[in-house]
Amino acid sequence: MIRLSMMMGRTAAWVACLVLGLGAAVQAGTVDVYSNNVGGDAVVGASPTVAIGSSGWYYSDVRVGGTAGIDSTFARSGNGSVLFQGDASAGSYKADVSYSTGESLGKLSDLSSFSYDWYRSAASTNNGIQAPSLRLLLGVDGVYKGALVFEPYYSLTTPGDVATDTWVHSNIFDPNMYLWSNKDLPFQEQFNHDIAFWKSEIGNYDILGVSSGIGSGWYGTSIAAVDNIHFGFGEGPGTTYNFEVGAVPEPASVVSFLIAGGFGLAGAAYRRRRAR
């Protein structure tokens with residue numbers, strides 16, 4: 001019994017270390033969001049909102065001609081990213097990925113970091129100034145009021161087409177990074193307001209979600225991707241969402257499996273020793 005207790009104790013300690021390791025990975029500020037399917041996803045136009053596991057992320061507003069899905073075509077920080085495609089034959093298309101918990105993520109005034117990595121393929125035939133956008137979805141008392149939209153083109157120091165066939169990191173808190181507003185938000189169709197301006201003007205608005213995507217008024221073929229969408233509040237480090245191909249067990253499932261398997265092996269070893 002002493003040997004069994006020692007073996008079970010070692011297994012429990014190993015599992016505990018794994019749990020602590022998993023917790024540390026999340027606390028470090030990076031969360032891996034895995035595709036629903038092992039080989040990657042492809043949600044095609046006119047599809048309903050599709051949850052990406054239980055991550056809080058969704059394929060959303062994918063309209064006719066648009067496609068969104070985590071796959072390995074333009075892998076960024078690992079084996080994947082979110083791939084967006086728009087089909088020119090369908091006219092104006094749209095495809096987004098969005099994050100929401102069903103409640104306020106925090107006040108706009110408390111937002112302290114907001115960034116993403118984006119990619120535009122040179123094979124795209126849509127207007128050369130168009131690249132995946134990044135949005136803050138704002139509301140008051142739970143009612144959606146509109147989005148603050150970042151499009152890379154409006155923050156170029158030299159006007160022209162955006163970069164192609166290379167990953168670009170855009171940090172909305174850097175100088176000369178501008179967001180425009182839509183729907184019921186003030187100062188619409190003004191493209192020279194940075195995040196500090198918006199925090200001072202409508203800082204009391206709630207951030208109901210975050211989204212990124214292509215389309216709405218775009219024509220021609222679009223092939224683009226995003227990864228490492230990051231946001232944070234206050235003095236915390238914030239969270240970076242890294243999109244990866246292939247499902248992995250939830251941490252709780254992993255721990256349950258290891259506990260069951262680990263103790264089972266320990267018991268089997270003990271029984272073999274007694275049988276000798």
# chains A, B, ... in the order shown; residues from 1 in each chain; ligands from 1
>>> residues_around(residues="A:Trp198", least_positions_apart="3", cutoff="12 Å", atoms="only C-alpha atoms", output="PyMOL selection string")
chain A and resi 107-111+136+138+147-149+172-173+177-181+185-188+190-195+201-205
>>> select_by_dssp(residues="stretch 128-191 of chain A", states="helix (DSSP H, G or I)", output="PDB file with N, CA, C and O atoms, in the first residue's frame")
ATOM      1  N   PRO A 152      -6.638  49.578 -42.360  1.00  0.00           N
ATOM      2  CA  PRO A 152      -5.224  49.965 -42.493  1.00  0.00           C
ATOM      3  C   PRO A 152      -4.968  51.131 -43.438  1.00  0.00           C
ATOM      4  O   PRO A 152      -4.099  51.971 -43.171  1.00  0.00           O
ATOM      5  N   TYR A 153      -5.719  51.229 -44.515  1.00  0.00           N
ATOM      6  CA  TYR A 153      -5.465  52.256 -45.524  1.00  0.00           C
ATOM      7  C   TYR A 153      -5.476  53.662 -44.940  1.00  0.00           C
ATOM      8  O   TYR A 153      -4.636  54.508 -45.286  1.00  0.00           O
ATOM      9  N   TYR A 154      -6.416  53.945 -44.035  1.00  0.00           N
ATOM     10  CA  TYR A 154      -6.575  55.302 -43.521  1.00  0.00           C
ATOM     11  C   TYR A 154      -5.455  55.709 -42.568  1.00  0.00           C
ATOM     12  O   TYR A 154      -5.378  56.869 -42.157  1.00  0.00           O
ATOM     13  N   SER A 155      -4.595  54.766 -42.223  1.00  0.00           N
ATOM     14  CA  SER A 155      -3.484  55.076 -41.323  1.00  0.00           C
ATOM     15  C   SER A 155      -2.126  54.980 -42.014  1.00  0.00           C
ATOM     16  O   SER A 155      -1.087  55.036 -41.357  1.00  0.00           O
TER      17      SER A 155
END
>>> residues_around(residues="A:Thr240", least_positions_apart="2", cutoff="7 Å", atoms="only C-alpha atoms", output="list of chain:residue names")
A:Gly29, A:Thr30, A:Val31, A:Asn228, A:Ile229, A:His230, A:Phe231, A:Gly238, A:Asn242
>>> atom_distance(atom1="atom CA of A:Ser89", atom2="atom CA of A:Val44")
14.3 Å
>>> residues_around(residues="A:Tyr219", least_positions_apart="2", cutoff="7 Å", atoms="only C-alpha atoms", output="number ranges by chain")
A: 88, 91-92, 126, 217, 221
>>> closest_atom_pairs(of="stretch 120-229 of chain A", to="stretch 95-98 of chain A", cutoff="12 Å", atoms="only C-alpha atoms", output="Markdown table")
| residue | atom | partner | partner_atom | distance |
| --- | --- | --- | --- | --- |
| A:Pro132 | CA | A:Asp96 | CA | 9.1 |
| A:Ser133 | CA | A:Asp96 | CA | 9.3 |
| A:Leu134 | CA | A:Ser98 | CA | 9.7 |
| A:Arg135 | CA | A:Ser98 | CA | 9.1 |
| A:Leu136 | CA | A:Ser98 | CA | 9.9 |
| A:Leu137 | CA | A:Ser98 | CA | 9.4 |
| A:Leu208 | CA | A:Ser98 | CA | 10.5 |
| A:Gly209 | CA | A:Ser98 | CA | 7.0 |
| A:Val210 | CA | A:Ser98 | CA | 5.6 |
| A:Ser211 | CA | A:Ser98 | CA | 4.0 |
| A:Ser212 | CA | A:Val97 | CA | 5.5 |
| A:Gly213 | CA | A:Asp96 | CA | 4.1 |
| A:Ile214 | CA | A:Ala95 | CA | 5.6 |
| A:Gly215 | CA | A:Ala95 | CA | 6.5 |
| A:Ser216 | CA | A:Ala95 | CA | 8.6 |
| A:Gly217 | CA | A:Ala95 | CA | 11.9 |
| A:Trp218 | CA | A:Ala95 | CA | 11.1 |
| A:Ser222 | CA | A:Ala95 | CA | 10.6 |
| A:Ile223 | CA | A:Ala95 | CA | 11.1 |
| A:Ala224 | CA | A:Ala95 | CA | 10.7 |
| A:Ala225 | CA | A:Asp96 | CA | 10.6 |
| A:Val226 | CA | A:Val97 | CA | 9.4 |
| A:Asp227 | CA | A:Val97 | CA | 10.6 |
| A:Ile229 | CA | A:Ser98 | CA | 10.2 |
>>> select_by_dssp(residues="stretch 122-225 of chain A", states="strand (DSSP E or B)", output="ChimeraX atom specification")
/A:133-140,143-150,168-171,178-181,194,206-215,222-225
>>> closest_residue(among="A:Gly146, A:Asn171, A:Asn37, A:Gly45", to="A:Trp118", atoms="only C-alpha atoms")
A:Asn171
>>> atom_distance(atom1="atom CA of A:Thr166", atom2="atom CA of A:Ala196")
28.6 Å
